[in-house]
Every structure is written in structure tokens, then in C-alpha cells.
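Q: Pasting start17.pdb below, which is PDB, C-alpha atoms, pLDDT in the B column.
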```pdb
ATOM      1  CA  MET A 219     -14.386  18.672  10.114  1.00 47.00           C
ATOM      2  CA  ASP A 220     -15.457  20.894   7.210  1.00 47.00           C
ATOM      3  CA  ALA A 221     -17.855  23.502   8.542  1.00 42.00           C
ATOM      4  CA  ASN A 222     -19.403  23.769   5.089  1.00 45.00           C
ATOM      5  CA  HIS A 223     -20.114  20.046   4.866  1.00 44.00           C
ATOM      6  CA  THR A 224     -23.706  19.281   3.999  1.00 41.00           C
ATOM      7  CA  PRO A 225     -24.716  15.794   5.146  1.00 39.00           C
ATOM      8  CA  ARG A 226     -25.880  13.490   2.393  1.00 41.00           C
ATOM      9  CA  SER A 227     -29.240  11.794   2.529  1.00 38.00           C
ATOM     10  CA  GLY A 228     -27.697   8.807   4.302  1.00 41.00           C
ATOM     11  CA  ASP A 229     -26.142  11.094   6.898  1.00 41.00           C
ATOM     12  CA  VAL A 230     -29.469  12.710   7.668  1.00 37.00           C
ATOM     13  CA  SER A 231     -31.306   9.411   7.940  1.00 41.00           C
ATOM     14  CA  VAL A 232     -28.883   7.783  10.335  1.00 43.00           C
ATOM     15  CA  ALA A 233     -28.069  10.932  12.253  1.00 39.00           C
ATOM     16  CA  SER A 234     -31.716  11.644  12.899  1.00 39.00           C
ATOM     17  CA  ARG A 235     -31.736   8.601  15.140  1.00 40.00           C
ATOM     18  CA  THR A 236     -29.954  10.800  17.671  1.00 39.00           C
ATOM     19  CA  GLN A 237     -32.403  13.679  17.350  1.00 39.00           C
ATOM     20  CA  SER A 238     -35.634  12.170  18.643  1.00 41.00           C
ATOM     21  CA  GLY A 239     -35.526  14.304  21.758  1.00 44.00           C
ATOM     22  CA  ALA A 240     -35.826  11.246  23.990  1.00 44.00           C
ATOM     23  CA  PRO A 241     -33.098  10.649  26.577  1.00 45.00           C
ATOM     24  CA  PRO A 242     -30.575   8.051  25.413  1.00 45.00           C
ATOM     25  CA  PRO A 243     -31.064   4.574  26.811  1.00 45.00           C
ATOM     26  CA  THR A 244     -28.586   3.203  29.287  1.00 42.00           C
ATOM     27  CA  ASN A 245     -25.774   0.966  28.093  1.00 40.00           C
ATOM     28  CA  THR A 246     -27.234  -2.287  29.292  1.00 40.00           C
ATOM     29  CA  PHE A 247     -27.180  -5.716  27.741  1.00 39.00           C
ATOM     30  CA  PRO A 248     -30.802  -6.755  27.200  1.00 41.00           C
ATOM     31  CA  THR A 249     -31.681 -10.338  28.014  1.00 41.00           C
ATOM     32  CA  ARG A 250     -31.988 -12.402  24.870  1.00 42.00           C
ATOM     33  CA  ARG A 251     -35.006 -14.565  24.382  1.00 44.00           C
ATOM     34  CA  PRO A 252     -34.488 -18.327  24.352  1.00 41.00           C
ATOM     35  CA  SER A 253     -34.310 -20.081  21.008  1.00 44.00           C
ATOM     36  CA  MET A 254     -37.718 -20.657  19.515  1.00 47.00           C
ATOM     37  CA  THR A 255     -39.031 -23.057  16.935  1.00 51.00           C
ATOM     38  CA  GLY A 256     -42.200 -22.503  14.986  1.00 56.00           C
ATOM     39  CA  HIS A 257     -43.989 -22.936  11.698  1.00 66.00           C
ATOM     40  CA  PRO A 258     -44.079 -20.771   8.572  1.00 73.00           C
ATOM     41  CA  ASN A 259     -46.363 -17.795   9.033  1.00 86.00           C
ATOM     42  CA  PRO A 260     -46.759 -15.678   5.869  1.00 91.00           C
ATOM     43  CA  GLU A 261     -48.030 -12.660   7.796  1.00 94.00           C
ATOM     44  CA  VAL A 262     -45.074 -12.638  10.177  1.00 95.00           C
ATOM     45  CA  GLU A 263     -42.635 -13.190   7.316  1.00 95.00           C
ATOM     46  CA  ARG A 264     -44.180 -10.263   5.451  1.00 95.00           C
ATOM     47  CA  THR A 265     -43.744  -8.094   8.548  1.00 96.00           C
ATOM     48  CA  VAL A 266     -40.051  -9.017   8.724  1.00 97.00           C
ATOM     49  CA  ARG A 267     -39.529  -8.421   4.996  1.00 96.00           C
ATOM     50  CA  ASP A 268     -41.242  -5.028   5.181  1.00 95.00           C
ATOM     51  CA  TRP A 269     -39.061  -4.102   8.150  1.00 95.00           C
ATOM     52  CA  PHE A 270     -35.934  -5.153   6.266  1.00 95.00           C
ATOM     53  CA  MET A 271     -36.838  -2.989   3.259  1.00 93.00           C
ATOM     54  CA  GLN A 272     -37.435   0.018   5.498  1.00 92.00           C
ATOM     55  CA  PHE A 273     -34.070  -0.511   7.141  1.00 92.00           C
ATOM     56  CA  ILE A 274     -31.931  -1.266   4.100  1.00 90.00           C
ATOM     57  CA  THR A 275     -33.293   1.779   2.244  1.00 88.00           C
ATOM     58  CA  LEU A 276     -32.763   4.037   5.300  1.00 82.00           C
ATOM     59  CA  ASP A 277     -36.415   5.015   5.424  1.00 80.00           C
ATOM     60  CA  PRO A 278     -36.346   8.749   6.257  1.00 78.00           C
ATOM     61  CA  GLU A 279     -39.368   8.365   8.540  1.00 81.00           C
ATOM     62  CA  LEU A 280     -37.416   5.814  10.610  1.00 81.00           C
ATOM     63  CA  LYS A 281     -40.425   3.479  10.764  1.00 85.00           C
ATOM     64  CA  TYR A 282     -38.077   0.536  11.272  1.00 88.00           C
ATOM     65  CA  MET A 283     -37.147   1.821  14.730  1.00 90.00           C
ATOM     66  CA  SER A 284     -40.594   0.778  15.961  1.00 93.00           C
ATOM     67  CA  GLY A 285     -39.936  -2.734  14.635  1.00 95.00           C
ATOM     68  CA  TYR A 286     -37.629  -3.645  17.523  1.00 96.00           C
ATOM     69  CA  ALA A 287     -39.064  -5.606  20.445  1.00 96.00           C
ATOM     70  CA  ASP A 288     -38.599  -4.255  23.960  1.00 95.00           C
ATOM     71  CA  GLY A 289     -35.078  -5.124  25.115  1.00 95.00           C
ATOM     72  CA  ALA A 290     -33.884  -5.924  21.588  1.00 97.00           C
ATOM     73  CA  VAL A 291     -30.153  -6.472  21.061  1.00 97.00           C
ATOM     74  CA  VAL A 292     -28.452  -4.503  18.263  1.00 97.00           C
ATOM     75  CA  ARG A 293     -24.736  -5.223  17.903  1.00 96.00           C
ATOM     76  CA  PHE A 294     -21.632  -5.786  15.874  1.00 96.00           C
ATOM     77  CA  VAL A 295     -20.134  -9.274  16.029  1.00 95.00           C
ATOM     78  CA  ALA A 296     -16.384  -8.926  15.611  1.00 93.00           C
ATOM     79  CA  ARG A 297     -13.086  -9.714  17.273  1.00 89.00           C
ATOM     80  CA  PRO A 298     -13.223  -9.270  21.087  1.00 90.00           C
ATOM     81  CA  GLY A 299     -11.626  -6.007  22.131  1.00 89.00           C
ATOM     82  CA  SER A 300     -12.076  -4.395  18.726  1.00 93.00           C
ATOM     83  CA  THR A 301     -13.556  -0.910  18.458  1.00 95.00           C
ATOM     84  CA  ALA A 302     -16.644  -2.281  16.718  1.00 96.00           C
ATOM     85  CA  MET A 303     -17.352  -4.403  19.781  1.00 96.00           C
ATOM     86  CA  LYS A 304     -17.338  -1.317  22.019  1.00 96.00           C
ATOM     87  CA  PHE A 305     -20.639  -0.089  20.592  1.00 97.00           C
ATOM     88  CA  PRO A 306     -23.396  -0.191  23.204  1.00 95.00           C
ATOM     89  CA  LYS A 307     -25.846  -3.029  22.748  1.00 93.00           C
ATOM     90  CA  GLY A 308     -29.550  -2.474  22.258  1.00 92.00           C
ATOM     91  CA  VAL A 309     -31.174   0.642  20.817  1.00 88.00           C
ATOM     92  CA  ALA A 310     -28.276   2.687  22.249  1.00 93.00           C
ATOM     93  CA  PHE A 311     -26.268   1.231  19.336  1.00 95.00           C
ATOM     94  CA  TRP A 312     -28.078   3.683  17.069  1.00 93.00           C
ATOM     95  CA  TYR A 313     -27.288   6.647  19.315  1.00 92.00           C
ATOM     96  CA  ALA A 314     -23.606   5.873  18.785  1.00 95.00           C
ATOM     97  CA  MET A 315     -23.874   5.088  15.079  1.00 94.00           C
ATOM     98  CA  GLY A 316     -26.070   8.108  14.375  1.00 92.00           C
ATOM     99  CA  THR A 317     -23.666  10.403  16.172  1.00 95.00           C
ATOM    100  CA  LEU A 318     -20.700   9.029  14.230  1.00 96.00           C
ATOM    101  CA  ALA A 319     -22.596   9.400  10.955  1.00 93.00           C
ATOM    102  CA  ASN A 320     -23.428  13.012  11.741  1.00 94.00           C
ATOM    103  CA  THR A 321     -20.027  14.134  13.023  1.00 97.00           C
ATOM    104  CA  GLY A 322     -17.373  11.647  11.917  1.00 97.00           C
ATOM    105  CA  PHE A 323     -18.451  10.238   8.548  1.00 97.00           C
ATOM    106  CA  LYS A 324     -17.863  12.309   5.432  1.00 96.00           C
ATOM    107  CA  ASP A 325     -19.907   9.890   3.340  1.00 94.00           C
ATOM    108  CA  PHE A 326     -21.573   6.523   3.682  1.00 91.00           C
ATOM    109  CA  ARG A 327     -23.736   4.171   1.666  1.00 92.00           C
ATOM    110  CA  LEU A 328     -25.710   1.064   2.548  1.00 92.00           C
ATOM    111  CA  GLU A 329     -26.503  -1.296  -0.311  1.00 92.00           C
ATOM    112  CA  PRO A 330     -28.248  -4.699  -0.283  1.00 93.00           C
ATOM    113  CA  ARG A 331     -26.235  -7.550  -1.746  1.00 93.00           C
ATOM    114  CA  SER A 332     -28.890 -10.271  -1.502  1.00 94.00           C
ATOM    115  CA  GLU A 333     -32.551 -10.900  -0.888  1.00 95.00           C
ATOM    116  CA  LEU A 334     -33.611 -11.509   2.703  1.00 96.00           C
ATOM    117  CA  ALA A 335     -33.555 -15.252   3.415  1.00 97.00           C
ATOM    118  CA  ILE A 336     -35.963 -16.376   6.145  1.00 96.00           C
ATOM    119  CA  ALA A 337     -35.747 -19.587   8.179  1.00 95.00           C
ATOM    120  CA  SER A 338     -39.273 -19.611   9.576  1.00 91.00           C
ATOM    121  CA  ARG A 339     -38.841 -22.502  11.979  1.00 90.00           C
ATOM    122  CA  GLU A 340     -35.893 -20.749  13.652  1.00 93.00           C
ATOM    123  CA  TYR A 341     -37.452 -17.243  13.595  1.00 95.00           C
ATOM    124  CA  THR A 342     -34.281 -16.094  11.844  1.00 97.00           C
ATOM    125  CA  ALA A 343     -33.541 -14.075   8.704  1.00 98.00           C
ATOM    126  CA  MET A 344     -30.262 -13.212   6.983  1.00 98.00           C
ATOM    127  CA  ALA A 345     -29.066 -10.953   4.195  1.00 97.00           C
ATOM    128  CA  MET A 346     -25.801  -9.724   2.723  1.00 97.00           C
ATOM    129  CA  TYR A 347     -25.179  -6.003   2.451  1.00 95.00           C
ATOM    130  CA  ARG A 348     -22.345  -3.651   1.557  1.00 95.00           C
ATOM    131  CA  MET A 349     -21.443  -0.704   3.732  1.00 94.00           C
ATOM    132  CA  THR A 350     -19.128   2.003   2.429  1.00 96.00           C
ATOM    133  CA  VAL A 351     -17.976   4.678   4.866  1.00 97.00           C
ATOM    134  CA  THR A 352     -15.372   7.426   4.431  1.00 97.00           C
ATOM    135  CA  ASN A 353     -14.310   9.431   7.478  1.00 97.00           C
ATOM    136  CA  TYR A 354     -12.830  12.921   7.643  1.00 96.00           C
ATOM    137  CA  HIS A 355      -9.305  11.486   7.720  1.00 96.00           C
ATOM    138  CA  GLY A 356      -9.985  10.097   4.245  1.00 96.00           C
ATOM    139  CA  THR A 357     -10.033   6.450   5.318  1.00 97.00           C
ATOM    140  CA  THR A 358     -12.677   4.346   3.576  1.00 98.00           C
ATOM    141  CA  TRP A 359     -14.133   1.104   4.864  1.00 97.00           C
ATOM    142  CA  ALA A 360     -16.012  -0.785   2.154  1.00 97.00           C
ATOM    143  CA  ALA A 361     -16.954  -4.387   2.791  1.00 96.00           C
ATOM    144  CA  ASP A 362     -19.591  -6.987   2.064  1.00 96.00           C
ATOM    145  CA  SER A 363     -21.059  -8.069   5.382  1.00 96.00           C
ATOM    146  CA  LEU A 364     -23.747 -10.311   6.844  1.00 97.00           C
ATOM    147  CA  MET A 365     -26.818  -9.140   8.728  1.00 97.00           C
ATOM    148  CA  ARG A 366     -28.717 -11.619  10.882  1.00 98.00           C
ATOM    149  CA  LEU A 367     -32.134 -10.961  12.365  1.00 98.00           C
ATOM    150  CA  LYS A 368     -33.886 -12.948  15.059  1.00 97.00           C
ATOM    151  CA  TYR A 369     -37.539 -12.102  15.548  1.00 97.00           C
ATOM    152  CA  ASP A 370     -40.461 -13.088  17.753  1.00 96.00           C
ATOM    153  CA  GLU A 371     -43.889 -14.547  17.001  1.00 95.00           C
ATOM    154  CA  THR A 372     -45.196 -11.130  15.907  1.00 95.00           C
ATOM    155  CA  GLY A 373     -42.293 -10.243  13.626  1.00 96.00           C
ATOM    156  CA  LYS A 374     -40.624  -7.831  16.056  1.00 97.00           C
ATOM    157  CA  ILE A 375     -36.820  -7.879  15.897  1.00 97.00           C
ATOM    158  CA  VAL A 376     -35.244  -9.228  19.102  1.00 97.00           C
ATOM    159  CA  ASP A 377     -31.610  -9.573  17.943  1.00 98.00           C
ATOM    160  CA  HIS A 378     -30.077  -7.534  15.105  1.00 98.00           C
ATOM    161  CA  ALA A 379     -26.490  -8.648  14.529  1.00 97.00           C
ATOM    162  CA  PHE A 380     -23.993  -7.234  12.044  1.00 97.00           C
ATOM    163  CA  PHE A 381     -21.064  -9.441  11.001  1.00 97.00           C
ATOM    164  CA  PRO A 382     -18.785  -6.927   9.254  1.00 96.00           C
ATOM    165  CA  GLY A 383     -16.162  -7.790   6.691  1.00 94.00           C
ATOM    166  CA  ASP A 384     -12.626  -6.313   6.760  1.00 95.00           C
ATOM    167  CA  VAL A 385     -12.793  -5.634  10.497  1.00 95.00           C
ATOM    168  CA  ASP A 386      -9.237  -4.262  10.614  1.00 95.00           C
ATOM    169  CA  THR A 387     -10.111  -1.381   8.291  1.00 97.00           C
ATOM    170  CA  LEU A 388     -13.428  -0.838  10.071  1.00 97.00           C
ATOM    171  CA  ASN A 389     -11.639  -0.512  13.407  1.00 96.00           C
ATOM    172  CA  ARG A 390      -9.024   1.857  11.988  1.00 97.00           C
ATOM    173  CA  MET A 391     -11.737   4.021  10.417  1.00 97.00           C
ATOM    174  CA  LEU A 392     -13.686   4.154  13.711  1.00 97.00           C
ATOM    175  CA  ASP A 393     -10.552   4.845  15.783  1.00 97.00           C
ATOM    176  CA  GLU A 394      -9.752   7.813  13.547  1.00 97.00           C
ATOM    177  CA  CYS A 395     -13.282   9.144  14.016  1.00 97.00           C
ATOM    178  CA  LEU A 396     -12.871   8.906  17.778  1.00 97.00           C
ATOM    179  CA  THR A 397      -9.845  11.221  17.680  1.00 96.00           C
ATOM    180  CA  LEU A 398     -12.044  14.117  16.563  1.00 97.00           C
ATOM    181  CA  GLY A 399     -13.096  16.419  19.372  1.00 97.00           C
ATOM    182  CA  GLU A 400     -16.511  17.057  17.821  1.00 97.00           C
ATOM    183  CA  VAL A 401     -17.209  13.322  17.684  1.00 97.00           C
ATOM    184  CA  ARG A 402     -16.104  12.764  21.277  1.00 97.00           C
ATOM    185  CA  GLU A 403     -18.223  15.593  22.628  1.00 97.00           C
ATOM    186  CA  ALA A 404     -21.253  14.468  20.628  1.00 97.00           C
ATOM    187  CA  LEU A 405     -20.953  10.892  21.912  1.00 97.00           C
ATOM    188  CA  LYS A 406     -20.829  12.189  25.477  1.00 97.00           C
ATOM    189  CA  ALA A 407     -23.831  14.432  24.815  1.00 96.00           C
ATOM    190  CA  VAL A 408     -26.037  11.482  23.817  1.00 95.00           C
ATOM    191  CA  GLY A 409     -24.866   9.378  26.739  1.00 95.00           C
ATOM    192  CA  VAL A 410     -22.750   6.750  25.003  1.00 96.00           C
ATOM    193  CA  GLY A 411     -19.242   8.160  25.399  1.00 96.00           C
ATOM    194  CA  LYS A 412     -18.316   5.780  28.221  1.00 95.00           C
ATOM    195  CA  ALA A 413     -18.739   2.809  25.880  1.00 95.00           C
ATOM    196  CA  PHE A 414     -15.710   4.134  23.963  1.00 96.00           C
ATOM    197  CA  GLY A 415     -13.721   5.214  27.028  1.00 94.00           C
ATOM    198  CA  ILE A 416     -14.748   8.882  26.651  1.00 95.00           C
ATOM    199  CA  TYR A 417     -15.523  10.622  29.939  1.00 92.00           C
TER     200      TYR A 417
END
```
Can you turn what I pasted into C-alpha cells?

A:
Amino acid sequence: MDANHTPRSGDVSVASRTQSGAPPPTNTFPTRRPSMTGHPNPEVERTVRDWFMQFITLDPELKYMSGYADGAVVRFVARPGSTAMKFPKGVAFWYAMGTLANTGFKDFRLEPRSELAIASREYTAMAMYRMTVTNYHGTTWAADSLMRLKYDETGKIVDHAFFPGDVDTLNRMLDECLTLGEVREALKAVGVGKAFGIY
């Protein structure tokens, strides 16, 4: 890793998720809430849309982190056994992703590809986005992907699922990151190394 590398704004935003000073959460699988049905609620929909804008623009104040319900699930949905599926579920997902962004990603960008579509009666919202990541091996993963949000009656996010495109390249890019000693030590330091077989 280049010692003179200065993280870009995206690096700082995501990496700061690992710098809150709070101990990392345990790698547990929070219990998902049962499926709900409801009626359109403009106030709740506005809450979800505001949260989405904070997230997709990588709000430097990280206000979107307070938008998760207790026990929320945050996860990749990909092929079983793939590296993407090794990420811890729940808020610990961001400890892993933030650490990778800070130590393993040379550059990354998150761009919306659609407006947020909300299905009020199912308490569900979806949007397309494009993630572009280049690691220090020079491998770039760039793919249009789907983000699905499930939220509760107050607009808090209970399930945040990423359905990435081009999973093969994503896995190769992540595997290369995990060969770097700095990345491995940093993942252990924030308590998520075991998820990736790092002890």
C-alpha cells in the first residue's frame, strides 16, 4: 500500500464508520421482522427517501447510521460461499467495509442509477446503483447493482440488502484485498477478522 496515499472523500466517509470509538458489534445474525403489510404513509416514505439520499451521497456526518433499527440486517446477497457472503451481517457489515475502504481500496465511487422506488404496502424500497472500486492490486470492480430496503412503521431500516452485479470480479477484488497484511490486521483490530477466516 502506498504510504503517501491520501484517501479520497469516499474513502474518508466509509472509513470513518470504523472510527466511532465504540467497540465493534459481535458477528451475530439479527432476527428479521416478519413480513408486514400497511398503507401509504407520506411521512414514513419521506423518512426513507431522506435516509436513502444521505446514504447514496455518503453523507460525511454519517447521519444514515442512526436510520437503522435495532438488530437491523445489512448484507450482500450473492452466491453461497463467495467472499461477499462472508461479510458479517448487521451493523458489523460497515466495520468490515469501512476497514477495506480505508486500507484495501485505492479508489471507490458510489453513484445512483435510479430513483428510489417505494412499495408502501410491503414496507419495501428499491434502487439501482453503480459501485466502482479499484484495489491496490489494480483490479477494478464496476457494476450496476440492486439495493433493497425493508423498513418498519417509523421508517427505520430493518433489512438493507445489496445484490451486486459481476460477483466474480467482486470476489476476486475482495480476495486480493484480503492478501494485504495491513488489511488483515485492521480487520482483526475492529473485531471482524474471523468472518473472513483471519485469526

Q: One decimal, Å: what's the distance from atom CA of A:Val262 over to atom CA of A:Glu371, could you say?

A: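 Atom-to-atom, atom CA of A:Val262 to atom CA of A:Glu371, that is 7.2 Å.
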
Q: Taking all atoms listed in the file into account, name the residue in A:Arg293, A:Arg339, A:Lys412, A:Lys281 that is nearest to A:Ala379.

A: A:Arg293

Q: Please enumerate the residues selected by the PyMOL selection byres ((chain A and resi 407) around 12) when evaluated against the supplied file, formatted as a list in words.

A: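 Selection result, ordered by chain and number: Thr236, Gln237, Pro241, Pro242, Tyr313, Ala314, Thr317, Glu400, Val401, Arg402, Glu403, Ala404, Leu405, Lys406, Val408, Gly409, Val410, Gly411, Lys412, Ile416 and Tyr417 of chain A.
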
Q: Show me, as a PyMOL selection string, the residues that have an atom within 9 Å of A:Gly285 when counting only C-alpha atoms, minus same-chain residues fewer than 2 positions from it.

A: chain A and resi 265-266+269+281-283+287+373-375

Q: Just to be explicit: take each residue in the selection above, keep C-alpha atoms, and write the result as a compact mmCIF listing (two decimals), keeping the file's coordinate frame.

A:
```txt
# COMPACT_ATOMS: atom_id res chain seq x y z
CA THR A 265 -43.74 -8.09 8.55
CA VAL A 266 -40.05 -9.02 8.72
CA TRP A 269 -39.06 -4.10 8.15
CA LYS A 281 -40.42 3.48 10.76
CA TYR A 282 -38.08 0.54 11.27
CA MET A 283 -37.15 1.82 14.73
CA ALA A 287 -39.06 -5.61 20.44
CA GLY A 373 -42.29 -10.24 13.63
CA LYS A 374 -40.62 -7.83 16.06
CA ILE A 375 -36.82 -7.88 15.90
```

Q: Just give me the gap between atom CA of A:Pro298 and atom CA of A:Thr350 in Å, one decimal is fine.

A: 22.6 Å

Q: Go through A:Arg348, A:Arg264, A:His355, A:Lys324 and flag the residue nearest A:Met391, using only C-alpha atoms for the distances.

A: A:His355

Q: Go ahead and compute the interatomic distance for atom CA of A:Phe381 and atom CA of A:Arg331, in Å to one decimal.

A: 13.9 Å

Q: At a cut-off of 10 Å, using all atoms listed in the file, what residues contact A:Arg297? Leave out same-chain residues fewer than 4 positions from it and give the result as a ChimeraX atom specification.

A: /A:301-303,385-386

Q: Looking at A:Asn320, A:Gln272, A:Thr397, A:Asn389, which one is nearest to A:Gly299, with distances taken over all atoms listed in the file?

A: A:Asn389
